>>> print(open('work_35.txt').read())   # compact mmCIF, N, CA, C and O atoms and all ligand atoms
# COMPACT_ATOMS: atom_id res chain seq x y z
N MET A 1 -0.78 -21.90 -19.75
CA MET A 1 -0.52 -20.62 -19.08
C MET A 1 0.56 -20.77 -18.02
O MET A 1 0.65 -21.80 -17.36
N ARG A 2 1.33 -19.73 -17.87
CA ARG A 2 2.42 -19.77 -16.88
C ARG A 2 2.16 -18.78 -15.76
O ARG A 2 1.57 -17.73 -15.96
N CYS A 3 2.69 -19.12 -14.62
CA CYS A 3 2.52 -18.30 -13.41
C CYS A 3 3.31 -17.00 -13.56
O CYS A 3 4.44 -17.00 -14.03
N LEU A 4 2.70 -15.89 -13.14
CA LEU A 4 3.34 -14.58 -13.21
C LEU A 4 4.60 -14.50 -12.35
O LEU A 4 5.49 -13.70 -12.61
N TYR A 5 4.63 -15.29 -11.31
CA TYR A 5 5.68 -15.12 -10.30
C TYR A 5 6.80 -16.14 -10.42
O TYR A 5 7.97 -15.78 -10.31
N CYS A 6 6.45 -17.43 -10.63
CA CYS A 6 7.51 -18.44 -10.67
C CYS A 6 7.72 -18.97 -12.09
O CYS A 6 8.66 -19.73 -12.34
N TYR A 7 6.87 -18.55 -13.03
CA TYR A 7 6.98 -18.90 -14.45
C TYR A 7 6.81 -20.38 -14.75
O TYR A 7 7.11 -20.83 -15.84
N LYS A 8 6.30 -21.15 -13.78
CA LYS A 8 5.96 -22.55 -14.05
C LYS A 8 4.51 -22.63 -14.52
O LYS A 8 3.73 -21.71 -14.28
N ALA A 9 4.18 -23.75 -15.16
CA ALA A 9 2.84 -23.91 -15.70
C ALA A 9 1.80 -23.89 -14.58
O ALA A 9 2.04 -24.42 -13.50
N VAL A 10 0.66 -23.30 -14.86
CA VAL A 10 -0.45 -23.25 -13.91
C VAL A 10 -1.53 -24.22 -14.36
O VAL A 10 -1.95 -24.17 -15.50
N PHE A 11 -1.95 -25.11 -13.49
CA PHE A 11 -3.03 -26.05 -13.80
C PHE A 11 -4.26 -25.76 -12.97
O PHE A 11 -4.15 -25.45 -11.78
N GLY A 12 -5.40 -25.90 -13.59
CA GLY A 12 -6.74 -25.83 -12.99
C GLY A 12 -6.86 -25.24 -11.60
O GLY A 12 -6.78 -24.03 -11.43
N ASN A 13 -7.06 -26.10 -10.59
CA ASN A 13 -7.40 -25.66 -9.24
C ASN A 13 -6.31 -24.86 -8.54
O ASN A 13 -6.57 -24.11 -7.63
N ASP A 14 -5.11 -25.10 -8.97
CA ASP A 14 -3.94 -24.42 -8.44
C ASP A 14 -3.93 -22.93 -8.69
O ASP A 14 -3.31 -22.17 -7.96
N GLY A 15 -4.56 -22.56 -9.80
CA GLY A 15 -4.32 -21.22 -10.35
C GLY A 15 -5.42 -20.24 -10.08
O GLY A 15 -6.53 -20.59 -9.68
N LEU A 16 -5.12 -18.99 -10.31
CA LEU A 16 -6.12 -17.94 -10.30
C LEU A 16 -5.70 -16.92 -11.34
O LEU A 16 -4.57 -16.96 -11.82
N THR A 17 -6.61 -16.01 -11.66
CA THR A 17 -6.28 -14.98 -12.64
C THR A 17 -6.13 -13.66 -11.93
O THR A 17 -7.00 -13.24 -11.19
N VAL A 18 -4.99 -13.02 -12.11
CA VAL A 18 -4.76 -11.70 -11.55
C VAL A 18 -5.28 -10.69 -12.57
O VAL A 18 -4.82 -10.69 -13.70
N PRO A 19 -6.24 -9.84 -12.19
CA PRO A 19 -6.84 -8.93 -13.16
C PRO A 19 -5.79 -8.11 -13.91
O PRO A 19 -4.88 -7.57 -13.27
N SER A 20 -5.91 -8.08 -15.21
CA SER A 20 -5.05 -7.32 -16.14
C SER A 20 -3.59 -7.78 -16.13
O SER A 20 -2.76 -7.18 -16.76
N GLU A 21 -3.26 -8.86 -15.43
CA GLU A 21 -1.88 -9.32 -15.43
C GLU A 21 -1.71 -10.74 -15.98
O GLU A 21 -0.79 -11.00 -16.74
N GLY A 22 -2.58 -11.65 -15.59
CA GLY A 22 -2.48 -13.01 -16.11
C GLY A 22 -2.69 -14.05 -15.04
O GLY A 22 -3.27 -13.78 -14.00
N ALA A 23 -2.19 -15.26 -15.30
CA ALA A 23 -2.42 -16.37 -14.40
C ALA A 23 -1.32 -16.45 -13.34
O ALA A 23 -0.20 -16.01 -13.55
N ALA A 24 -1.67 -17.04 -12.20
CA ALA A 24 -0.69 -17.26 -11.14
C ALA A 24 -1.14 -18.43 -10.28
O ALA A 24 -2.33 -18.74 -10.22
N HIS A 25 -0.22 -19.09 -9.62
CA HIS A 25 -0.57 -20.08 -8.60
C HIS A 25 -1.13 -19.34 -7.39
O HIS A 25 -0.66 -18.25 -7.08
N GLN A 26 -2.08 -19.97 -6.71
CA GLN A 26 -2.63 -19.32 -5.52
C GLN A 26 -1.54 -19.05 -4.49
O GLN A 26 -1.49 -17.97 -3.90
N ASN A 27 -0.66 -20.03 -4.28
CA ASN A 27 0.42 -19.86 -3.30
C ASN A 27 1.34 -18.71 -3.67
O ASN A 27 1.73 -17.91 -2.81
N CYS A 28 1.72 -18.65 -4.95
CA CYS A 28 2.62 -17.58 -5.39
C CYS A 28 1.96 -16.23 -5.23
O CYS A 28 2.59 -15.27 -4.80
N PHE A 29 0.67 -16.16 -5.57
CA PHE A 29 -0.05 -14.90 -5.48
C PHE A 29 -0.10 -14.42 -4.03
O PHE A 29 0.16 -13.26 -3.73
N GLN A 30 -0.42 -15.35 -3.12
CA GLN A 30 -0.52 -14.97 -1.71
C GLN A 30 0.83 -14.54 -1.15
O GLN A 30 0.91 -13.57 -0.40
N ALA A 31 1.89 -15.25 -1.53
CA ALA A 31 3.23 -14.89 -1.07
C ALA A 31 3.58 -13.50 -1.57
O ALA A 31 4.15 -12.68 -0.84
N ASN A 32 3.22 -13.21 -2.81
CA ASN A 32 3.54 -11.91 -3.40
C ASN A 32 2.75 -10.78 -2.73
O ASN A 32 3.28 -9.71 -2.48
N GLN A 33 1.47 -11.06 -2.41
CA GLN A 33 0.65 -10.04 -1.73
C GLN A 33 1.24 -9.69 -0.38
O GLN A 33 1.22 -8.54 0.04
N ALA A 34 1.78 -10.69 0.31
CA ALA A 34 2.34 -10.46 1.64
C ALA A 34 3.59 -9.58 1.56
O ALA A 34 3.88 -8.83 2.47
N LEU A 35 4.34 -9.70 0.46
CA LEU A 35 5.57 -8.93 0.30
C LEU A 35 5.30 -7.49 -0.10
O LEU A 35 6.08 -6.60 0.20
N LYS A 36 4.19 -7.29 -0.79
CA LYS A 36 3.87 -5.96 -1.29
C LYS A 36 3.47 -5.06 -0.16
O LYS A 36 2.73 -5.45 0.72
N ARG A 37 3.93 -3.83 -0.19
CA ARG A 37 3.45 -2.86 0.78
C ARG A 37 2.43 -1.97 0.08
O ARG A 37 2.79 -1.08 -0.68
N THR A 38 1.17 -2.25 0.37
CA THR A 38 0.13 -1.45 -0.25
C THR A 38 -0.71 -0.79 0.83
O THR A 38 -0.88 -1.34 1.91
N PHE A 39 -1.18 0.39 0.52
CA PHE A 39 -2.14 1.05 1.39
C PHE A 39 -3.38 1.34 0.56
O PHE A 39 -3.31 2.11 -0.39
N GLN A 40 -4.50 0.73 0.93
CA GLN A 40 -5.71 0.77 0.13
C GLN A 40 -5.34 0.43 -1.32
O GLN A 40 -4.83 -0.65 -1.55
N SER A 41 -5.53 1.33 -2.29
CA SER A 41 -5.20 0.93 -3.66
C SER A 41 -3.81 1.41 -4.06
O SER A 41 -3.38 1.23 -5.19
N LEU A 42 -3.07 1.99 -3.13
CA LEU A 42 -1.76 2.55 -3.45
C LEU A 42 -0.66 1.52 -3.20
O LEU A 42 -0.53 1.00 -2.10
N GLU A 43 0.12 1.27 -4.23
CA GLU A 43 1.22 0.32 -4.10
C GLU A 43 2.48 1.09 -3.74
O GLU A 43 3.12 1.69 -4.59
N ILE A 44 2.85 1.07 -2.48
CA ILE A 44 3.97 1.89 -2.00
C ILE A 44 5.28 1.50 -2.69
O ILE A 44 6.09 2.35 -3.03
N THR A 45 5.47 0.22 -2.90
CA THR A 45 6.73 -0.24 -3.51
C THR A 45 6.86 0.21 -4.96
O THR A 45 7.96 0.19 -5.51
N ALA A 46 5.75 0.60 -5.59
CA ALA A 46 5.81 1.04 -6.99
C ALA A 46 6.19 2.52 -7.12
O ALA A 46 6.49 2.99 -8.21
N LEU A 47 6.20 3.25 -6.02
CA LEU A 47 6.54 4.67 -6.07
C LEU A 47 8.04 4.84 -6.25
O LEU A 47 8.83 4.06 -5.73
N ASN A 48 8.45 5.89 -6.98
CA ASN A 48 9.88 6.19 -7.03
C ASN A 48 10.26 7.02 -5.79
O ASN A 48 9.40 7.40 -5.00
N ASP A 49 11.55 7.29 -5.62
CA ASP A 49 12.01 7.96 -4.39
C ASP A 49 11.35 9.30 -4.17
O ASP A 49 10.99 9.66 -3.06
N LYS A 50 11.19 10.05 -5.27
CA LYS A 50 10.59 11.38 -5.16
C LYS A 50 9.13 11.28 -4.72
O LYS A 50 8.68 12.03 -3.86
N GLU A 51 8.42 10.35 -5.31
CA GLU A 51 7.00 10.17 -4.95
C GLU A 51 6.86 9.71 -3.50
O GLU A 51 5.97 10.14 -2.78
N LEU A 52 7.76 8.83 -3.09
CA LEU A 52 7.73 8.34 -1.71
C LEU A 52 7.96 9.49 -0.74
O LEU A 52 7.28 9.61 0.29
N GLN A 53 8.92 10.36 -1.08
CA GLN A 53 9.21 11.53 -0.25
C GLN A 53 7.99 12.43 -0.15
O GLN A 53 7.64 12.92 0.91
N GLU A 54 7.31 12.64 -1.29
CA GLU A 54 6.11 13.47 -1.30
C GLU A 54 5.02 12.88 -0.42
O GLU A 54 4.37 13.59 0.35
N LEU A 55 4.86 11.56 -0.52
CA LEU A 55 3.85 10.88 0.27
C LEU A 55 4.14 11.07 1.76
O LEU A 55 3.25 11.35 2.56
N LYS A 56 5.42 10.95 2.12
CA LYS A 56 5.84 11.11 3.50
C LYS A 56 5.50 12.50 4.00
O LYS A 56 5.01 12.68 5.11
N GLU A 57 5.78 13.51 3.17
CA GLU A 57 5.51 14.89 3.56
C GLU A 57 4.02 15.14 3.73
O GLU A 57 3.59 15.84 4.64
N ILE A 58 3.22 14.55 2.84
CA ILE A 58 1.77 14.71 2.94
C ILE A 58 1.26 14.09 4.24
O ILE A 58 0.45 14.67 4.95
N VAL A 59 1.77 12.92 4.56
CA VAL A 59 1.35 12.23 5.78
C VAL A 59 1.73 13.04 7.01
O VAL A 59 0.92 13.23 7.92
N LEU A 60 2.96 13.56 7.01
CA LEU A 60 3.42 14.38 8.15
C LEU A 60 2.59 15.64 8.29
O LEU A 60 2.22 16.03 9.40
N ALA A 61 2.30 16.30 7.15
CA ALA A 61 1.51 17.52 7.18
C ALA A 61 0.12 17.24 7.73
O ALA A 61 -0.42 18.00 8.54
N GLU A 62 -0.45 16.14 7.34
CA GLU A 62 -1.78 15.77 7.81
C GLU A 62 -1.75 15.50 9.32
O GLU A 62 -2.62 15.94 10.07
N GLU A 63 -0.72 14.80 9.75
CA GLU A 63 -0.57 14.49 11.16
C GLU A 63 -0.43 15.77 11.98
O GLU A 63 -1.11 15.94 12.99
N ASN A 64 0.42 16.70 11.50
CA ASN A 64 0.61 17.98 12.19
C ASN A 64 -0.69 18.75 12.28
O ASN A 64 -1.01 19.32 13.31
N SER A 65 -1.43 18.76 11.18
CA SER A 65 -2.65 19.55 11.19
C SER A 65 -3.68 18.93 12.13
O SER A 65 -4.42 19.64 12.79
N ARG A 66 -3.69 17.63 12.26
CA ARG A 66 -4.63 17.00 13.21
C ARG A 66 -4.22 17.28 14.65
O ARG A 66 -5.06 17.54 15.50
N ASN A 67 -2.92 17.22 14.93
CA ASN A 67 -2.44 17.52 16.27
C ASN A 67 -2.80 18.94 16.66
O ASN A 67 -3.18 19.22 17.79
N ARG A 68 -2.66 19.87 15.69
CA ARG A 68 -2.95 21.26 15.95
C ARG A 68 -4.42 21.43 16.30
O ARG A 68 -4.77 22.14 17.23
N VAL A 69 -5.28 20.75 15.57
CA VAL A 69 -6.72 20.84 15.84
C VAL A 69 -7.03 20.34 17.25
O VAL A 69 -7.78 20.97 17.99
N GLU A 70 -6.38 19.27 17.67
CA GLU A 70 -6.62 18.74 19.02
C GLU A 70 -6.18 19.75 20.08
O GLU A 70 -6.86 19.95 21.08
N GLU A 71 -5.02 20.40 19.85
CA GLU A 71 -4.54 21.38 20.81
C GLU A 71 -5.51 22.56 20.91
O GLU A 71 -5.78 23.06 21.99
N GLU A 72 -6.02 22.99 19.77
CA GLU A 72 -6.98 24.09 19.78
C GLU A 72 -8.24 23.72 20.55
O GLU A 72 -8.77 24.52 21.31
N ASP A 73 -8.67 22.49 20.40
CA ASP A 73 -9.84 22.03 21.14
C ASP A 73 -9.60 22.12 22.65
O ASP A 73 -10.43 22.57 23.40
N ASP A 74 -8.39 21.69 23.07
CA ASP A 74 -8.05 21.76 24.49
C ASP A 74 -8.12 23.20 24.97
O ASP A 74 -8.62 23.48 26.05
N GLY A 75 -7.59 24.12 24.15
CA GLY A 75 -7.57 25.53 24.50
C GLY A 75 -8.97 26.06 24.70
O GLY A 75 -9.24 26.78 25.68
N ILE A 76 -9.87 25.69 23.82
CA ILE A 76 -11.25 26.16 23.92
C ILE A 76 -11.92 25.70 25.21
O ILE A 76 -12.62 26.44 25.86
N GLU A 77 -11.60 24.49 25.63
CA GLU A 77 -12.21 23.95 26.84
C GLU A 77 -11.81 24.75 28.08
O GLU A 77 -12.55 24.73 29.08
N LEU A 78 -10.66 25.40 28.03
CA LEU A 78 -10.19 26.14 29.21
C LEU A 78 -11.01 27.40 29.46
O LEU A 78 -11.08 27.87 30.59
N PHE A 79 -11.65 27.94 28.43
CA PHE A 79 -12.36 29.21 28.64
C PHE A 79 -13.73 29.06 29.26
O PHE A 79 -14.46 28.16 29.02
ZN ZN B 101 3.82 -19.92 -9.35
>>> encode(input="work_35.txt", output="structure tokens", more="lines below")
Ligand SMILES: [Zn+2]
Amino acid sequence: MRCLYCYKAVFGNDGLTVPSEGAAHQNCFQANQALKRTFQSLEITALNDKELQELKEIVLAEENSRNRVEEEDDGIELF
């Protein structure tokens, strides 16, 4: 078996199995995980530009709506 990342042979203790992808060296796998930008199960680097833009807009909209709720709470406390 060959490593997914460096394509060199993987031997026993060195290796691990990446689900649905194949074998990899532990070191290569860890290095790759560190490079990946993932949020929970979402792989940000796998998104295309349009999807990334949509994600950004969703995050901003959520942030705005939370800020608005906080401001409304402040308003209520004044009465
Ligand atoms: Zn490797």
>>> residues_near_ligand(input="work_35.txt", ligand="ligand ZN 101 (chain B)", cutoff="12 Å", atoms="only C-alpha atoms and all ligand atoms", output="list in words")
Met1, Arg2, Cys3, Leu4, Tyr5, Cys6, Tyr7, Lys8, Ala9, Val10, Phe11, Asp14, Gly15, Leu16, Thr17, Gly22, Ala23, Ala24, His25, Gln26, Asn27, Cys28, Phe29, Gln30, Ala31 and Asn32 of chain A
>>> write_last_selection(input="work_35.txt", atoms="N, CA, C and O atoms", output="mmCIF file, keeping the file's coordinate frame")
data_model
loop_
_atom_site.group_PDB
_atom_site.id
_atom_site.type_symbol
_atom_site.label_atom_id
_atom_site.label_comp_id
_atom_site.auth_asym_id
_atom_site.auth_seq_id
_atom_site.Cartn_x
_atom_site.Cartn_y
_atom_site.Cartn_z
ATOM 1 N N MET A 1 -0.780 -21.900 -19.750
ATOM 2 C CA MET A 1 -0.520 -20.620 -19.080
ATOM 3 C C MET A 1 0.560 -20.770 -18.020
ATOM 4 O O MET A 1 0.650 -21.800 -17.360
ATOM 5 N N ARG A 2 1.330 -19.730 -17.870
ATOM 6 C CA ARG A 2 2.420 -19.770 -16.880
ATOM 7 C C ARG A 2 2.160 -18.780 -15.760
ATOM 8 O O ARG A 2 1.570 -17.730 -15.960
ATOM 9 N N CYS A 3 2.690 -19.120 -14.620
ATOM 10 C CA CYS A 3 2.520 -18.300 -13.410
ATOM 11 C C CYS A 3 3.310 -17.000 -13.560
ATOM 12 O O CYS A 3 4.440 -17.000 -14.030
ATOM 13 N N LEU A 4 2.700 -15.890 -13.140
ATOM 14 C CA LEU A 4 3.340 -14.580 -13.210
ATOM 15 C C LEU A 4 4.600 -14.500 -12.350
ATOM 16 O O LEU A 4 5.490 -13.700 -12.610
ATOM 17 N N TYR A 5 4.630 -15.290 -11.310
ATOM 18 C CA TYR A 5 5.680 -15.120 -10.300
ATOM 19 C C TYR A 5 6.800 -16.140 -10.420
ATOM 20 O O TYR A 5 7.970 -15.780 -10.310
ATOM 21 N N CYS A 6 6.450 -17.430 -10.630
ATOM 22 C CA CYS A 6 7.510 -18.440 -10.670
ATOM 23 C C CYS A 6 7.720 -18.970 -12.090
ATOM 24 O O CYS A 6 8.660 -19.730 -12.340
ATOM 25 N N TYR A 7 6.870 -18.550 -13.030
ATOM 26 C CA TYR A 7 6.980 -18.900 -14.450
ATOM 27 C C TYR A 7 6.810 -20.380 -14.750
ATOM 28 O O TYR A 7 7.110 -20.830 -15.840
ATOM 29 N N LYS A 8 6.300 -21.150 -13.780
ATOM 30 C CA LYS A 8 5.960 -22.550 -14.050
ATOM 31 C C LYS A 8 4.510 -22.630 -14.520
ATOM 32 O O LYS A 8 3.730 -21.710 -14.280
ATOM 33 N N ALA A 9 4.180 -23.750 -15.160
ATOM 34 C CA ALA A 9 2.840 -23.910 -15.700
ATOM 35 C C ALA A 9 1.800 -23.890 -14.580
ATOM 36 O O ALA A 9 2.040 -24.420 -13.500
ATOM 37 N N VAL A 10 0.660 -23.300 -14.860
ATOM 38 C CA VAL A 10 -0.450 -23.250 -13.910
ATOM 39 C C VAL A 10 -1.530 -24.220 -14.360
ATOM 40 O O VAL A 10 -1.950 -24.170 -15.500
ATOM 41 N N PHE A 11 -1.950 -25.110 -13.490
ATOM 42 C CA PHE A 11 -3.030 -26.050 -13.800
ATOM 43 C C PHE A 11 -4.260 -25.760 -12.970
ATOM 44 O O PHE A 11 -4.150 -25.450 -11.780
ATOM 45 N N ASP A 14 -5.110 -25.100 -8.970
ATOM 46 C CA ASP A 14 -3.940 -24.420 -8.440
ATOM 47 C C ASP A 14 -3.930 -22.930 -8.690
ATOM 48 O O ASP A 14 -3.310 -22.170 -7.960
ATOM 49 N N GLY A 15 -4.560 -22.560 -9.800
ATOM 50 C CA GLY A 15 -4.320 -21.220 -10.350
ATOM 51 C C GLY A 15 -5.420 -20.240 -10.080
ATOM 52 O O GLY A 15 -6.530 -20.590 -9.680
ATOM 53 N N LEU A 16 -5.120 -18.990 -10.310
ATOM 54 C CA LEU A 16 -6.120 -17.940 -10.300
ATOM 55 C C LEU A 16 -5.700 -16.920 -11.340
ATOM 56 O O LEU A 16 -4.570 -16.960 -11.820
ATOM 57 N N THR A 17 -6.610 -16.010 -11.660
ATOM 58 C CA THR A 17 -6.280 -14.980 -12.640
ATOM 59 C C THR A 17 -6.130 -13.660 -11.930
ATOM 60 O O THR A 17 -7.000 -13.240 -11.190
ATOM 61 N N GLY A 22 -2.580 -11.650 -15.590
ATOM 62 C CA GLY A 22 -2.480 -13.010 -16.110
ATOM 63 C C GLY A 22 -2.690 -14.050 -15.040
ATOM 64 O O GLY A 22 -3.270 -13.780 -14.000
ATOM 65 N N ALA A 23 -2.190 -15.260 -15.300
ATOM 66 C CA ALA A 23 -2.420 -16.370 -14.400
ATOM 67 C C ALA A 23 -1.320 -16.450 -13.340
ATOM 68 O O ALA A 23 -0.200 -16.010 -13.550
ATOM 69 N N ALA A 24 -1.670 -17.040 -12.200
ATOM 70 C CA ALA A 24 -0.690 -17.260 -11.140
ATOM 71 C C ALA A 24 -1.140 -18.430 -10.280
ATOM 72 O O ALA A 24 -2.330 -18.740 -10.220
ATOM 73 N N HIS A 25 -0.220 -19.090 -9.620
ATOM 74 C CA HIS A 25 -0.570 -20.080 -8.600
ATOM 75 C C HIS A 25 -1.130 -19.340 -7.390
ATOM 76 O O HIS A 25 -0.660 -18.250 -7.080
ATOM 77 N N GLN A 26 -2.080 -19.970 -6.710
ATOM 78 C CA GLN A 26 -2.630 -19.320 -5.520
ATOM 79 C C GLN A 26 -1.540 -19.050 -4.490
ATOM 80 O O GLN A 26 -1.490 -17.970 -3.900
ATOM 81 N N ASN A 27 -0.660 -20.030 -4.280
ATOM 82 C CA ASN A 27 0.420 -19.860 -3.300
ATOM 83 C C ASN A 27 1.340 -18.710 -3.670
ATOM 84 O O ASN A 27 1.730 -17.910 -2.810
ATOM 85 N N CYS A 28 1.720 -18.650 -4.950
ATOM 86 C CA CYS A 28 2.620 -17.580 -5.390
ATOM 87 C C CYS A 28 1.960 -16.230 -5.230
ATOM 88 O O CYS A 28 2.590 -15.270 -4.800
ATOM 89 N N PHE A 29 0.670 -16.160 -5.570
ATOM 90 C CA PHE A 29 -0.050 -14.900 -5.480
ATOM 91 C C PHE A 29 -0.100 -14.420 -4.030
ATOM 92 O O PHE A 29 0.160 -13.260 -3.730
ATOM 93 N N GLN A 30 -0.420 -15.350 -3.120
ATOM 94 C CA GLN A 30 -0.520 -14.970 -1.710
ATOM 95 C C GLN A 30 0.830 -14.540 -1.150
ATOM 96 O O GLN A 30 0.910 -13.570 -0.400
ATOM 97 N N ALA A 31 1.890 -15.250 -1.530
ATOM 98 C CA ALA A 31 3.230 -14.890 -1.070
ATOM 99 C C ALA A 31 3.580 -13.500 -1.570
ATOM 100 O O ALA A 31 4.150 -12.680 -0.840
ATOM 101 N N ASN A 32 3.220 -13.210 -2.810
ATOM 102 C CA ASN A 32 3.540 -11.910 -3.400
ATOM 103 C C ASN A 32 2.750 -10.780 -2.730
ATOM 104 O O ASN A 32 3.280 -9.710 -2.480
#
>>> select_by_dssp(input="work_35.txt", residues="stretch 19-60 of chain A", states="helix (DSSP H, G or I)", output="count of residues only")
25
>>> select_by_dssp(input="work_35.txt", residues="chain A", states="strand (DSSP E)", output="PyMOL selection string")
chain A and resi 15-18+22-25+38-39+42-43
>>> atom_distance(input="work_35.txt", atom1="atom CA of A:Leu42", atom2="atom CA of A:Val59")
13.7 Å
>>> decode(input="work_35.txt", residues="stretch 27-46 of chain A", atoms="N, CA and C atoms", output="compact mmCIF listing (two decimals), in the first residue's frame")
# COMPACT_ATOMS: atom_id res chain seq x y z
N ASN A 27 2.59 10.56 10.06
CA ASN A 27 3.15 11.91 9.93
C ASN A 27 2.53 12.69 8.80
N CYS A 28 2.38 12.02 7.65
CA CYS A 28 1.80 12.70 6.48
C CYS A 28 0.36 13.10 6.76
N PHE A 29 -0.38 12.20 7.41
CA PHE A 29 -1.78 12.46 7.71
C PHE A 29 -1.90 13.67 8.63
N GLN A 30 -1.06 13.71 9.67
CA GLN A 30 -1.13 14.82 10.62
C GLN A 30 -0.75 16.14 9.97
N ALA A 31 0.28 16.11 9.13
CA ALA A 31 0.70 17.32 8.42
C ALA A 31 -0.43 17.82 7.53
N ASN A 32 -1.11 16.88 6.87
CA ASN A 32 -2.20 17.26 5.98
C ASN A 32 -3.39 17.83 6.74
N GLN A 33 -3.69 17.24 7.91
CA GLN A 33 -4.80 17.75 8.73
C GLN A 33 -4.54 19.18 9.16
N ALA A 34 -3.28 19.48 9.47
CA ALA A 34 -2.93 20.82 9.93
C ALA A 34 -3.11 21.85 8.82
N LEU A 35 -2.88 21.43 7.57
CA LEU A 35 -3.00 22.34 6.43
C LEU A 35 -4.45 22.59 6.04
N LYS A 36 -5.29 21.60 6.30
CA LYS A 36 -6.68 21.71 5.90
C LYS A 36 -7.40 22.71 6.76
N ARG A 37 -8.24 23.51 6.15
CA ARG A 37 -9.09 24.38 6.94
C ARG A 37 -10.49 23.77 6.98
N THR A 38 -10.77 23.16 8.12
CA THR A 38 -12.09 22.54 8.25
C THR A 38 -12.81 23.16 9.43
N PHE A 39 -14.11 23.25 9.30
CA PHE A 39 -14.94 23.65 10.42
C PHE A 39 -15.96 22.55 10.66
N GLN A 40 -15.88 21.91 11.82
CA GLN A 40 -16.66 20.72 12.11
C GLN A 40 -16.50 19.75 10.95
N SER A 41 -17.57 19.38 10.22
CA SER A 41 -17.36 18.42 9.14
C SER A 41 -17.20 19.11 7.79
N LEU A 42 -17.16 20.43 7.79
CA LEU A 42 -17.08 21.17 6.53
C LEU A 42 -15.63 21.46 6.15
N GLU A 43 -15.26 21.03 4.96
CA GLU A 43 -13.91 21.27 4.49
C GLU A 43 -13.89 22.57 3.68
N ILE A 44 -13.44 23.63 4.28
CA ILE A 44 -13.51 24.96 3.66
C ILE A 44 -12.70 24.99 2.35
N THR A 45 -11.56 24.35 2.35
CA THR A 45 -10.71 24.38 1.16
C THR A 45 -11.33 23.65 -0.02
N ALA A 46 -12.33 22.80 0.24
CA ALA A 46 -12.97 22.06 -0.85
C ALA A 46 -14.09 22.86 -1.53
